[in-house]
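A.B. asks: For reference, the file my_file24.tsv (TSV, C-alpha atoms) is included below:
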```
chain	number	residue	atom	x	y	z
L	1	MET	CA	2.00	86.44	35.32
L	2	GLY	CA	2.37	87.04	31.56
L	3	PRO	CA	3.24	90.48	30.17
L	4	LEU	CA	-0.04	90.66	28.24
L	5	PHE	CA	-2.19	90.02	31.35
L	6	ARG	CA	-0.20	92.54	33.41
L	7	LYS	CA	-0.64	95.16	30.65
L	8	SER	CA	-4.37	94.42	30.56
L	9	LEU	CA	-4.73	95.03	34.30
L	10	ARG	CA	-2.78	98.28	34.06
L	11	PHE	CA	-5.03	99.33	31.16
L	12	ILE	CA	-8.09	98.71	33.37
L	13	GLY	CA	-6.50	100.90	36.04
L	14	LEU	CA	-5.84	103.70	33.56
L	15	LEU	CA	-9.44	103.52	32.37
L	16	SER	CA	-10.60	103.84	36.00
L	17	PHE	CA	-8.47	106.95	36.46
L	18	ALA	CA	-9.66	108.41	33.17
L	19	ALA	CA	-13.28	107.87	34.21
L	20	LEU	CA	-12.72	110.26	37.11
L	21	LEU	CA	-11.55	113.01	34.77
L	22	VAL	CA	-13.61	112.69	31.57
L	23	PRO	CA	-17.41	113.21	31.49
L	24	SER	CA	-19.56	110.65	29.71
L	25	ALA	CA	-22.81	110.76	27.77
L	26	VAL	CA	-24.18	107.64	29.42
L	27	GLU	CA	-27.77	108.17	30.60
L	28	ALA	CA	-30.00	105.73	32.52
L	29	ARG	CA	-33.26	104.72	30.95
L	30	GLU	CA	-36.59	105.94	32.31
L	31	PRO	CA	-37.75	103.93	35.36
L	32	SER	CA	-40.58	101.46	35.04
L	33	GLU	CA	-44.03	102.94	35.62
L	34	PHE	CA	-44.32	100.45	38.47
L	35	LEU	CA	-41.80	102.53	40.43
L	36	VAL	CA	-42.92	106.06	39.65
L	37	ASP	CA	-45.11	106.41	42.75
L	38	GLU	CA	-43.55	109.04	45.05
L	39	ILE	CA	-44.09	106.78	48.06
L	40	VAL	CA	-41.70	104.15	46.78
L	41	GLU	CA	-38.78	106.02	45.16
L	42	PHE	CA	-36.24	103.88	46.93
L	43	ASP	CA	-32.69	102.70	46.24
L	44	PHE	CA	-32.55	99.18	44.80
L	45	THR	CA	-28.81	98.74	45.39
L	46	PRO	CA	-27.85	98.90	49.09
L	47	LEU	CA	-24.78	96.67	48.55
L	48	VAL	CA	-23.52	97.96	45.23
L	49	LEU	CA	-20.97	100.45	46.58
L	50	GLY	CA	-18.82	97.48	47.22
L	51	ASP	CA	-16.29	96.10	49.65
L	52	PHE	CA	-12.68	97.39	50.04
L	53	ALA	CA	-11.26	95.16	52.76
L	54	GLN	CA	-9.84	91.74	51.97
L	55	ALA	CA	-8.05	89.37	54.28
L	56	PRO	CA	-5.56	86.40	54.83
L	57	ALA	CA	-2.54	84.64	56.64
L	58	ASP	CA	0.63	84.02	58.75
L	59	SER	CA	2.79	86.34	60.87
L	60	GLN	CA	5.72	87.90	59.01
L	61	GLU	CA	6.12	91.68	59.24
L	62	PRO	CA	6.62	93.02	55.69
L	63	GLY	CA	6.49	96.71	56.66
L	64	THR	CA	3.94	99.28	55.50
L	65	ASP	CA	6.03	101.60	53.34
L	66	ASN	CA	3.95	100.64	50.25
L	67	GLN	CA	6.81	99.24	48.21
L	68	PRO	CA	5.80	96.80	45.41
L	69	VAL	CA	4.98	93.37	46.82
L	70	THR	CA	7.54	90.83	45.61
L	71	VAL	CA	8.10	87.08	45.77
L	72	THR	CA	11.72	86.22	46.44
L	73	PRO	CA	13.13	83.04	44.86
L	74	GLY	CA	13.91	80.50	47.58
L	75	GLU	CA	11.59	82.16	50.09
L	76	SER	CA	9.77	79.61	52.25
L	77	ALA	CA	6.13	78.96	51.36
L	78	SER	CA	4.91	80.11	54.79
L	79	ALA	CA	6.91	83.36	54.62
L	80	GLU	CA	5.66	84.03	51.10
L	81	ASP	CA	2.03	83.37	52.07
L	82	ALA	CA	2.39	85.66	55.10
L	83	SER	CA	3.72	88.53	52.99
L	84	LEU	CA	0.99	88.10	50.39
L	85	ALA	CA	-1.66	87.81	53.07
L	86	LYS	CA	-0.79	91.08	54.77
L	87	ALA	CA	-0.54	92.84	51.42
L	88	ALA	CA	-3.97	91.51	50.39
L	89	GLN	CA	-5.41	92.75	53.68
L	90	ASN	CA	-4.18	96.27	52.90
L	91	PRO	CA	-6.65	97.78	50.38
L	92	ILE	CA	-4.02	100.27	49.14
L	93	ALA	CA	-0.98	97.97	49.03
L	94	SER	CA	1.25	98.15	45.96
L	95	LEU	CA	-0.05	94.80	44.67
L	96	ILE	CA	-1.99	94.02	41.51
L	97	SER	CA	-5.00	91.89	42.39
L	98	LEU	CA	-8.37	90.80	41.05
L	99	PRO	CA	-11.00	90.20	43.75
L	100	ILE	CA	-14.31	88.63	42.78
L	101	GLN	CA	-16.83	88.94	45.57
L	102	TRP	CA	-20.34	87.53	45.98
L	103	ASN	CA	-22.74	89.16	48.46
L	104	SER	CA	-26.04	87.36	49.10
L	105	THR	CA	-28.91	88.68	51.24
L	106	PRO	CA	-31.74	86.14	51.58
L	107	GLY	CA	-35.03	87.02	53.24
L	108	SER	CA	-35.33	90.31	51.34
L	109	GLN	CA	-38.54	92.02	50.23
L	110	TRP	CA	-38.69	93.77	46.86
L	111	ALA	CA	-40.96	96.69	47.92
L	112	PRO	CA	-42.98	97.96	50.89
L	113	ASN	CA	-46.52	96.67	51.27
L	114	VAL	CA	-47.91	100.12	50.53
L	115	LEU	CA	-46.82	99.44	46.94
L	116	ASP	CA	-47.32	95.66	46.80
L	117	PRO	CA	-49.55	94.19	49.55
L	118	ASP	CA	-48.36	90.68	48.61
L	119	ALA	CA	-44.64	91.45	48.96
L	120	LYS	CA	-42.90	89.26	51.55
L	121	HIS	CA	-39.40	88.67	52.91
L	122	ASP	CA	-38.95	85.59	50.74
L	123	GLN	CA	-36.52	86.69	48.02
L	124	THR	CA	-32.72	86.93	47.74
L	125	GLN	CA	-30.60	89.81	46.53
L	126	ASN	CA	-27.28	88.80	44.95
L	127	VAL	CA	-24.45	91.18	44.04
L	128	VAL	CA	-21.21	89.96	42.43
L	129	ASN	CA	-18.49	92.61	42.51
L	130	VAL	CA	-15.49	92.34	40.18
L	131	GLN	CA	-12.86	94.69	41.66
L	132	PRO	CA	-9.51	95.03	39.82
L	133	VAL	CA	-6.81	96.80	41.84
L	134	VAL	CA	-3.85	98.28	39.96
L	135	PRO	CA	-1.05	100.34	41.59
L	136	PHE	CA	1.24	102.76	39.75
L	137	LYS	CA	4.53	103.88	41.26
L	138	VAL	CA	4.58	107.63	40.55
L	139	SER	CA	7.82	108.34	42.41
L	140	GLU	CA	9.85	107.09	45.37
L	141	GLY	CA	7.53	109.01	47.64
L	142	LEU	CA	4.13	108.38	46.04
L	143	THR	CA	2.05	105.48	44.69
L	144	LEU	CA	-1.27	105.80	42.87
L	145	VAL	CA	-3.66	102.90	43.52
L	146	THR	CA	-6.79	102.47	41.38
L	147	ARG	CA	-9.71	100.33	42.54
L	148	THR	CA	-12.76	99.80	40.31
L	149	ILE	CA	-15.93	98.04	41.45
L	150	VAL	CA	-18.00	96.52	38.64
L	151	PRO	CA	-21.23	95.08	40.14
L	152	PHE	CA	-23.45	92.43	38.57
L	153	ILE	CA	-26.82	92.42	40.32
L	154	SER	CA	-29.79	90.09	40.72
L	155	GLN	CA	-32.40	92.27	42.44
L	156	PRO	CA	-35.75	90.96	43.75
L	157	PHE	CA	-38.76	92.33	41.89
L	158	ALA	CA	-42.53	91.87	41.75
L	159	SER	CA	-44.26	88.47	41.50
L	160	SER	CA	-41.15	86.59	42.68
L	161	THR	CA	-39.18	87.72	39.62
L	162	SER	CA	-35.78	89.44	39.62
L	163	ILE	CA	-33.98	92.20	37.73
L	164	GLN	CA	-30.56	91.11	36.51
L	165	GLY	CA	-27.82	93.19	34.96
L	166	LEU	CA	-24.78	95.40	35.35
L	167	GLY	CA	-25.01	98.02	38.09
L	168	ASP	CA	-23.36	101.42	38.49
L	169	ILE	CA	-19.56	101.21	38.16
L	170	ASN	CA	-17.53	102.75	41.03
L	171	PRO	CA	-13.88	103.70	40.29
L	172	SER	CA	-11.66	105.17	43.03
L	173	VAL	CA	-8.13	106.53	42.98
L	174	PHE	CA	-5.95	106.65	46.11
L	175	PHE	CA	-2.79	108.73	46.37
L	176	VAL	CA	-0.58	106.84	48.82
L	177	PRO	CA	2.55	108.54	50.19
L	178	THR	CA	5.52	106.35	51.11
L	179	LEU	CA	5.61	106.19	54.92
L	180	LYS	CA	7.87	104.25	57.26
L	181	GLY	CA	6.35	102.50	60.23
L	182	ASN	CA	3.08	100.71	60.90
L	183	PHE	CA	0.65	103.02	59.11
L	184	THR	CA	-0.40	103.43	55.48
L	185	VAL	CA	-2.65	106.31	54.38
L	186	GLY	CA	-4.42	106.89	51.08
L	187	VAL	CA	-6.75	109.69	49.97
L	188	GLY	CA	-8.38	110.58	46.67
L	189	PRO	CA	-11.61	110.83	44.68
L	190	THR	CA	-14.33	108.26	44.09
L	191	LEU	CA	-17.01	108.31	41.41
L	192	ILE	CA	-20.34	106.55	40.79
L	193	ILE	CA	-21.04	106.17	37.05
L	194	PRO	CA	-24.71	105.57	36.06
L	195	SER	CA	-23.74	102.64	33.86
L	196	ALA	CA	-26.46	100.14	34.86
L	197	THR	CA	-28.01	98.14	32.05
L	198	ASP	CA	-31.44	98.52	33.71
L	199	SER	CA	-32.54	101.90	35.07
L	200	ARG	CA	-34.13	100.18	38.09
L	201	LEU	CA	-30.61	99.20	39.24
L	202	SER	CA	-29.31	102.77	39.10
L	203	SER	CA	-29.92	106.17	40.65
L	204	GLY	CA	-29.48	107.62	37.15
L	205	ARG	CA	-27.12	110.24	38.59
L	206	TRP	CA	-23.41	110.88	38.33
L	207	SER	CA	-22.08	111.10	41.88
L	208	GLY	CA	-18.65	111.75	43.34
L	209	GLY	CA	-16.77	112.77	46.45
L	210	PRO	CA	-13.68	112.18	48.59
L	211	THR	CA	-12.48	108.83	49.89
L	212	GLY	CA	-9.76	107.86	52.35
L	213	VAL	CA	-8.15	104.77	53.88
L	214	LEU	CA	-6.06	104.32	57.03
L	215	VAL	CA	-4.27	100.98	57.59
L	216	TYR	CA	-2.35	99.74	60.65
L	217	SER	CA	-0.17	96.64	60.28
L	218	LYS	CA	1.89	95.06	63.04
L	219	GLY	CA	2.58	91.45	63.93
L	220	LYS	CA	-0.47	89.29	63.26
L	221	VAL	CA	-2.86	92.24	62.97
L	222	VAL	CA	-3.92	94.31	59.95
L	223	ALA	CA	-6.64	96.83	60.83
L	224	GLY	CA	-8.04	100.11	59.64
L	225	GLY	CA	-10.94	101.62	57.84
L	226	LEU	CA	-12.25	103.24	54.68
L	227	ILE	CA	-14.68	106.15	54.41
L	228	ASN	CA	-16.26	108.02	51.54
L	229	ASN	CA	-19.21	110.27	50.81
L	230	VAL	CA	-20.71	110.89	47.38
L	231	TRP	CA	-23.06	113.61	46.15
L	232	SER	CA	-24.88	113.68	42.81
L	233	PHE	CA	-23.86	116.40	40.36
L	234	ALA	CA	-25.31	115.39	36.97
L	235	GLY	CA	-27.56	112.89	35.22
L	236	GLY	CA	-31.22	112.34	34.55
L	237	GLY	CA	-32.30	110.65	37.78
L	238	LYS	CA	-35.20	112.15	39.69
L	239	LYS	CA	-33.64	112.08	43.16
L	240	ASP	CA	-30.44	113.63	44.46
L	241	VAL	CA	-27.79	111.32	45.89
L	242	ASN	CA	-26.01	111.93	49.19
L	243	LYS	CA	-24.55	108.73	50.67
L	244	MET	CA	-21.78	107.80	53.06
L	245	LEU	CA	-19.91	104.49	53.32
L	246	ILE	CA	-17.75	103.44	56.27
L	247	GLN	CA	-15.90	100.13	56.27
L	248	PRO	CA	-13.81	99.24	59.30
L	249	PHE	CA	-11.70	96.09	58.94
L	250	LEU	CA	-9.83	93.89	61.39
L	251	ASN	CA	-7.74	90.87	60.33
L	252	TYR	CA	-5.93	88.48	62.64
L	253	ASN	CA	-3.42	86.19	60.93
L	254	LEU	CA	-2.99	82.53	61.92
L	255	PRO	CA	-0.44	79.88	60.85
L	256	LYS	CA	-0.49	78.19	57.42
L	257	GLY	CA	-2.24	81.01	55.59
L	258	TRP	CA	-5.41	81.07	57.70
L	259	TYR	CA	-6.89	84.27	59.12
L	260	LEU	CA	-9.91	85.69	60.92
L	261	THR	CA	-11.56	88.76	59.45
L	262	SER	CA	-14.31	91.30	60.02
L	263	SER	CA	-15.10	94.01	57.47
L	264	PRO	CA	-18.75	95.17	57.69
L	265	ILE	CA	-19.99	97.73	55.17
L	266	ILE	CA	-21.85	100.51	57.01
L	267	THR	CA	-23.85	102.88	54.81
L	268	ALA	CA	-25.96	105.97	55.42
L	269	ASN	CA	-28.40	107.46	52.92
L	270	TRP	CA	-28.69	111.06	54.04
L	271	MET	CA	-31.68	111.60	51.72
L	272	ASN	CA	-33.78	109.10	53.68
L	273	GLU	CA	-36.31	110.91	55.86
L	274	ASP	CA	-36.16	110.88	59.67
L	275	ASN	CA	-32.54	109.63	59.68
L	276	LYS	CA	-33.71	106.09	58.87
L	277	GLY	CA	-31.29	105.42	56.03
L	278	TRP	CA	-28.62	103.51	57.98
L	279	MET	CA	-27.43	99.97	57.25
L	280	VAL	CA	-25.24	98.64	60.10
L	281	PRO	CA	-24.10	94.99	59.83
L	282	VAL	CA	-22.03	93.11	62.43
L	283	GLY	CA	-20.20	89.85	61.86
L	284	ALA	CA	-16.97	88.11	60.94
L	285	GLY	CA	-15.48	85.34	58.86
L	286	VAL	CA	-12.51	83.14	58.08
L	287	GLY	CA	-10.21	82.83	55.09
L	288	ARG	CA	-6.96	81.50	53.74
L	289	VAL	CA	-4.19	82.33	51.25
L	290	PHE	CA	-3.01	79.38	49.15
L	291	LYS	CA	-1.77	78.59	45.65
L	292	LEU	CA	-3.54	77.05	42.67
L	293	GLY	CA	-0.45	75.77	40.88
L	294	THR	CA	1.72	78.88	40.91
L	295	GLN	CA	-1.17	81.35	41.26
L	296	PRO	CA	-1.62	82.87	44.77
L	297	VAL	CA	-5.29	83.10	45.76
L	298	ASN	CA	-6.91	84.70	48.79
L	299	THR	CA	-10.32	83.25	49.70
L	300	SER	CA	-12.71	84.17	52.49
L	301	LEU	CA	-16.23	83.46	53.74
L	302	SER	CA	-18.07	85.85	56.09
L	303	ALA	CA	-21.52	86.32	57.57
L	304	TYR	CA	-22.99	89.63	58.76
L	305	TYR	CA	-26.16	90.26	60.74
L	306	ASN	CA	-27.89	93.46	59.62
L	307	LEU	CA	-28.40	95.01	63.04
L	308	VAL	CA	-29.82	98.27	61.68
L	309	LYS	CA	-31.59	98.43	58.31
L	310	PRO	CA	-32.94	101.39	56.33
L	311	GLU	CA	-36.68	101.98	56.39
L	312	ILE	CA	-38.54	102.50	53.12
L	313	GLY	CA	-42.25	103.27	53.19
L	314	GLY	CA	-42.16	102.53	56.92
L	315	GLU	CA	-40.70	99.03	56.42
L	316	THR	CA	-37.27	97.41	56.31
L	317	LEU	CA	-36.80	95.51	53.05
L	318	ALA	CA	-33.32	93.98	53.40
L	319	GLY	CA	-32.96	90.51	54.90
L	320	ASP	CA	-31.47	89.95	58.33
L	321	TRP	CA	-28.24	88.32	57.09
L	322	THR	CA	-25.72	89.00	54.33
L	323	PHE	CA	-23.23	86.29	53.34
L	324	ARG	CA	-19.98	87.17	51.55
L	325	LEU	CA	-17.78	84.80	49.55
L	326	GLN	CA	-14.63	86.10	47.91
L	327	ALA	CA	-11.78	84.85	45.74
L	328	GLN	CA	-8.93	87.31	45.20
L	329	PHE	CA	-6.21	86.54	42.66
L	330	LEU	CA	-2.85	88.08	43.61
L	331	PHE	CA	-0.09	89.11	41.20
L	332	PRO	CA	3.16	89.98	43.04
L	333	THR	CA	6.26	90.98	41.08
L	334	GLY	CA	9.30	88.72	40.90
L	335	GLY	CA	12.00	89.11	43.55
```
Show the structure stored in the file as structure tokens.

C.D. replies:
Amino acid sequence: MGPLFRKSLRFIGLLSFAALLVPSAVEAREPSEFLVDEIVEFDFTPLVLGDFAQAPADSQEPGTDNQPVTVTPGESASAEDASLAKAAQNPIASLISLPIQWNSTPGSQWAPNVLDPDAKHDQTQNVVNVQPVVPFKVSEGLTLVTRTIVPFISQPFASSTSIQGLGDINPSVFFVPTLKGNFTVGVGPTLIIPSATDSRLSSGRWSGGPTGVLVYSKGKVVAGGLINNVWSFAGGGKKDVNKMLIQPFLNYNLPKGWYLTSSPIITANWMNEDNKGWMVPVGAGVGRVFKLGTQPVNTSLSAYYNLVKPEIGGETLAGDWTFRLQAQFLFPTGG
């Protein structure tokens, strides 16, 4: 990887960290009059908080002490792919990477029938998340890992149209102590910035809270989970935000860079009445780590059945299935 590209990724990471510390004057625009009705003040972006678990490959044990991921000259291709795979599966590994992830939910309905009697489950929500990950070695005992989710959204709207634009950006910073053994732990803050280019894709509120990750890695298995909760604290949106995200992940590595993975995104909107704000998907997928020329790439394809869906106006609007396609570009250091 060239020095200029590496510096660019580190600059993105520094911007993510700065966003957690410096207030901004960004304000969302006023919502469309079509959505002002109190009955239908609902969240348009159930998938926008993003996905933190990636997956891949073989069976080498690289350890979990969060040292920078390296490629050693002369290392066998299978051993190299295995090391990169397990690092990519660890969301707080000391590895620069650029995941690009597409989430598609067909069979969605733009609004409850109390708002639009003609609305049907015949539209598709698409969310493409660009998620640069940049680690910084603070000391021998501590690594800072920045992860920033930049969502691009195509949201179903009235009369079979769609709203397209940038959604709310979500930077997170994890402080990862250097531990020996099979576990890696990271904790820190996460922030939701009301940066959407269309107010209908945003809550209009600044929100923040704590986030944490626990990772277990041994043999062919990389497993763990991420959790965060955000509360609104500023901004011009009409409704307060109080949301939780839980993402368990389980990866089983196979020969030749292949792997099996499951990483459902479970969310809870605590502001939804009668405790009907849960989204609980179940499913799994398959992926592989390989090289395009000299560039390591981690790809995966998963399908999740939305077992529990939030109710809005007495109806569930999300489709039954969400499909996830991801390409993650990996940038290990030289050995």

A.B. asks: If we count only C-alpha atoms, what is near L:Trp231 at a cut-off of 10 Å, once residues fewer than 2 positions away on the same chain are taken out, given as a PDB file with C-alpha atoms, in the frame of the given file?

C.D. replies:
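Contents of part_19.pdb, as written:
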```
ATOM      1  CA  LEU L 191     -17.010 108.310  41.410  1.00  0.00           C
ATOM      2  CA  ILE L 192     -20.340 106.550  40.790  1.00  0.00           C
ATOM      3  CA  ARG L 205     -27.120 110.240  38.590  1.00  0.00           C
ATOM      4  CA  TRP L 206     -23.410 110.880  38.330  1.00  0.00           C
ATOM      5  CA  SER L 207     -22.080 111.100  41.880  1.00  0.00           C
ATOM      6  CA  GLY L 208     -18.650 111.750  43.340  1.00  0.00           C
ATOM      7  CA  GLY L 209     -16.770 112.770  46.450  1.00  0.00           C
ATOM      8  CA  PRO L 210     -13.680 112.180  48.590  1.00  0.00           C
ATOM      9  CA  ASN L 229     -19.210 110.270  50.810  1.00  0.00           C
ATOM     10  CA  PHE L 233     -23.860 116.400  40.360  1.00  0.00           C
ATOM     11  CA  ALA L 234     -25.310 115.390  36.970  1.00  0.00           C
ATOM     12  CA  ASP L 240     -30.440 113.630  44.460  1.00  0.00           C
ATOM     13  CA  VAL L 241     -27.790 111.320  45.890  1.00  0.00           C
ATOM     14  CA  ASN L 242     -26.010 111.930  49.190  1.00  0.00           C
ATOM     15  CA  LYS L 243     -24.550 108.730  50.670  1.00  0.00           C
ATOM     16  CA  MET L 244     -21.780 107.800  53.060  1.00  0.00           C
TER      17      MET L 244
END
```

A.B. asks: Would you work out the distance separating atom CA of L:Ser97 from atom CA of L:Thr333, expressed in Å to one decimal?

C.D. replies: 11.4 Å

A.B. asks: Is there a way to get, as JSON, numbers by chain, all residues within 8 Å of the point (-31.6, 100.1, 58.5) in file coordinates, counting only C-alpha atoms?

C.D. replies: {"L": [276, 277, 278, 279, 280, 306, 307, 308, 309, 310, 311, 316]}

A.B. asks: Would you list the contacts of L:Gln109 as a PyMOL selection string, taking every protein, DNA or RNA residue within 8 Å and counting only C-alpha atoms, but skipping same-chain residues closer than 6 positions in sequence?

C.D. replies: chain L and resi 119-123+156+317-319

A.B. asks: From the options L:Ala158, L:Leu179, L:Val213, L:Leu144, which residue's atoms come nearest to L:Asn113, counting all atoms listed in the file?

C.D. replies: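 Comparing L:Ala158, L:Leu179, L:Val213, L:Leu144 against L:Asn113, the winner is L:Ala158.
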
A.B. asks: Compare L:Ser162, L:Ser104, L:Gln247, L:Ser199 by their minimum atom-to-atom distance to L:Ala223, counting all atoms listed in the file, and give me the closest one.

C.D. replies: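 Comparing L:Ser162, L:Ser104, L:Gln247, L:Ser199 against L:Ala223, the winner is L:Gln247.
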
A.B. asks: Write out as a list in words the residues lying within 7 Å of L:Leu250, counting all atoms listed in the file and excluding same-chain residues fewer than 4 positions away.

C.D. replies: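 In the requested format, the answer is Val222, Ala223, Gly224, Thr261, Ser262 and Ser263 of chain L.
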
A.B. asks: Rounded to one decimal, what separation in Å do you get between atom CA of L:Ser202 and atom CA of L:Glu273?

C.D. replies: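 Spanning atom CA of L:Ser202 to atom CA of L:Glu273 is a straight-line distance of 19.9 Å.
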
A.B. asks: Report the distance between atom CA of L:Asn272 and atom CA of L:Lys239 in Å, rounded to one decimal place.

C.D. replies: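 So the two atoms, atom CA of L:Asn272 and atom CA of L:Lys239, lie 10.9 Å apart.
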
A.B. asks: Rank L:Met271, L:Ala303, L:Ile227, L:Val297 by their smallest atom-to-atom distance to L:Gly283, using only C-alpha atoms, and report the top residue only.

C.D. replies: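 Distance minimum relative to L:Gly283 lands on L:Ala303.
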
A.B. asks: Output as an mmCIF file, keeping the file's coordinate frame: stretch 190-198 of chain L, completed with all heavy atoms.

C.D. replies:
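The resulting file, result22.cif, is shown below:
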```
data_model
loop_
_atom_site.group_PDB
_atom_site.id
_atom_site.type_symbol
_atom_site.label_atom_id
_atom_site.label_comp_id
_atom_site.auth_asym_id
_atom_site.auth_seq_id
_atom_site.Cartn_x
_atom_site.Cartn_y
_atom_site.Cartn_z
ATOM 1 N N THR L 190 -13.559 109.420 44.517
ATOM 2 C CA THR L 190 -14.330 108.260 44.090
ATOM 3 C C THR L 190 -15.515 108.745 43.268
ATOM 4 O O THR L 190 -15.989 109.882 43.446
ATOM 5 C CB THR L 190 -14.808 107.418 45.293
ATOM 6 O OG1 THR L 190 -15.379 106.193 44.821
ATOM 7 C CG2 THR L 190 -15.833 108.147 46.132
ATOM 8 N N LEU L 191 -15.977 107.914 42.350
ATOM 9 C CA LEU L 191 -17.010 108.310 41.410
ATOM 10 C C LEU L 191 -18.011 107.166 41.233
ATOM 11 O O LEU L 191 -17.627 106.002 41.210
ATOM 12 C CB LEU L 191 -16.371 108.633 40.049
ATOM 13 C CG LEU L 191 -17.268 109.143 38.924
ATOM 14 C CD1 LEU L 191 -17.788 110.537 39.232
ATOM 15 C CD2 LEU L 191 -16.505 109.150 37.600
ATOM 16 N N ILE L 192 -19.295 107.510 41.138
ATOM 17 C CA ILE L 192 -20.340 106.550 40.790
ATOM 18 C C ILE L 192 -20.825 106.892 39.384
ATOM 19 O O ILE L 192 -21.326 107.996 39.144
ATOM 20 C CB ILE L 192 -21.521 106.578 41.774
ATOM 21 C CG1 ILE L 192 -21.047 106.414 43.215
ATOM 22 C CG2 ILE L 192 -22.539 105.497 41.406
ATOM 23 C CD1 ILE L 192 -20.447 105.077 43.520
ATOM 24 N N ILE L 193 -20.644 105.962 38.446
ATOM 25 C CA ILE L 193 -21.040 106.170 37.050
ATOM 26 C C ILE L 193 -22.380 105.489 36.808
ATOM 27 O O ILE L 193 -22.525 104.297 37.087
ATOM 28 C CB ILE L 193 -19.977 105.571 36.099
ATOM 29 C CG1 ILE L 193 -18.604 106.188 36.368
ATOM 30 C CG2 ILE L 193 -20.378 105.771 34.640
ATOM 31 C CD1 ILE L 193 -17.472 105.518 35.610
ATOM 32 N N PRO L 194 -23.390 106.188 36.299
ATOM 33 C CA PRO L 194 -24.710 105.570 36.060
ATOM 34 C C PRO L 194 -24.674 104.671 34.831
ATOM 35 O O PRO L 194 -25.260 104.959 33.789
ATOM 36 C CB PRO L 194 -25.629 106.784 35.868
ATOM 37 C CG PRO L 194 -24.738 107.842 35.326
ATOM 38 C CD PRO L 194 -23.397 107.630 35.985
ATOM 39 N N SER L 195 -24.005 103.535 34.982
ATOM 40 C CA SER L 195 -23.740 102.640 33.860
ATOM 41 C C SER L 195 -24.661 101.425 33.837
ATOM 42 O O SER L 195 -24.474 100.528 33.018
ATOM 43 C CB SER L 195 -22.285 102.154 33.940
ATOM 44 O OG SER L 195 -22.031 101.553 35.200
ATOM 45 N N ALA L 196 -25.619 101.341 34.741
ATOM 46 C CA ALA L 196 -26.460 100.140 34.860
ATOM 47 C C ALA L 196 -27.200 99.843 33.563
ATOM 48 O O ALA L 196 -27.648 100.760 32.855
ATOM 49 C CB ALA L 196 -27.456 100.319 36.008
ATOM 50 N N THR L 197 -27.315 98.562 33.257
ATOM 51 C CA THR L 197 -28.010 98.140 32.050
ATOM 52 C C THR L 197 -29.528 98.192 32.210
ATOM 53 O O THR L 197 -30.255 98.070 31.228
ATOM 54 C CB THR L 197 -27.594 96.715 31.664
ATOM 55 O OG1 THR L 197 -27.789 95.841 32.782
ATOM 56 C CG2 THR L 197 -26.129 96.682 31.258
ATOM 57 N N ASP L 198 -30.010 98.361 33.438
ATOM 58 C CA ASP L 198 -31.440 98.520 33.710
ATOM 59 C C ASP L 198 -31.586 99.710 34.642
ATOM 60 O O ASP L 198 -30.935 99.757 35.698
ATOM 61 C CB ASP L 198 -32.011 97.246 34.346
ATOM 62 C CG ASP L 198 -33.535 97.257 34.423
ATOM 63 O OD1 ASP L 198 -34.086 98.233 34.970
ATOM 64 O OD2 ASP L 198 -34.167 96.297 33.964
#
```
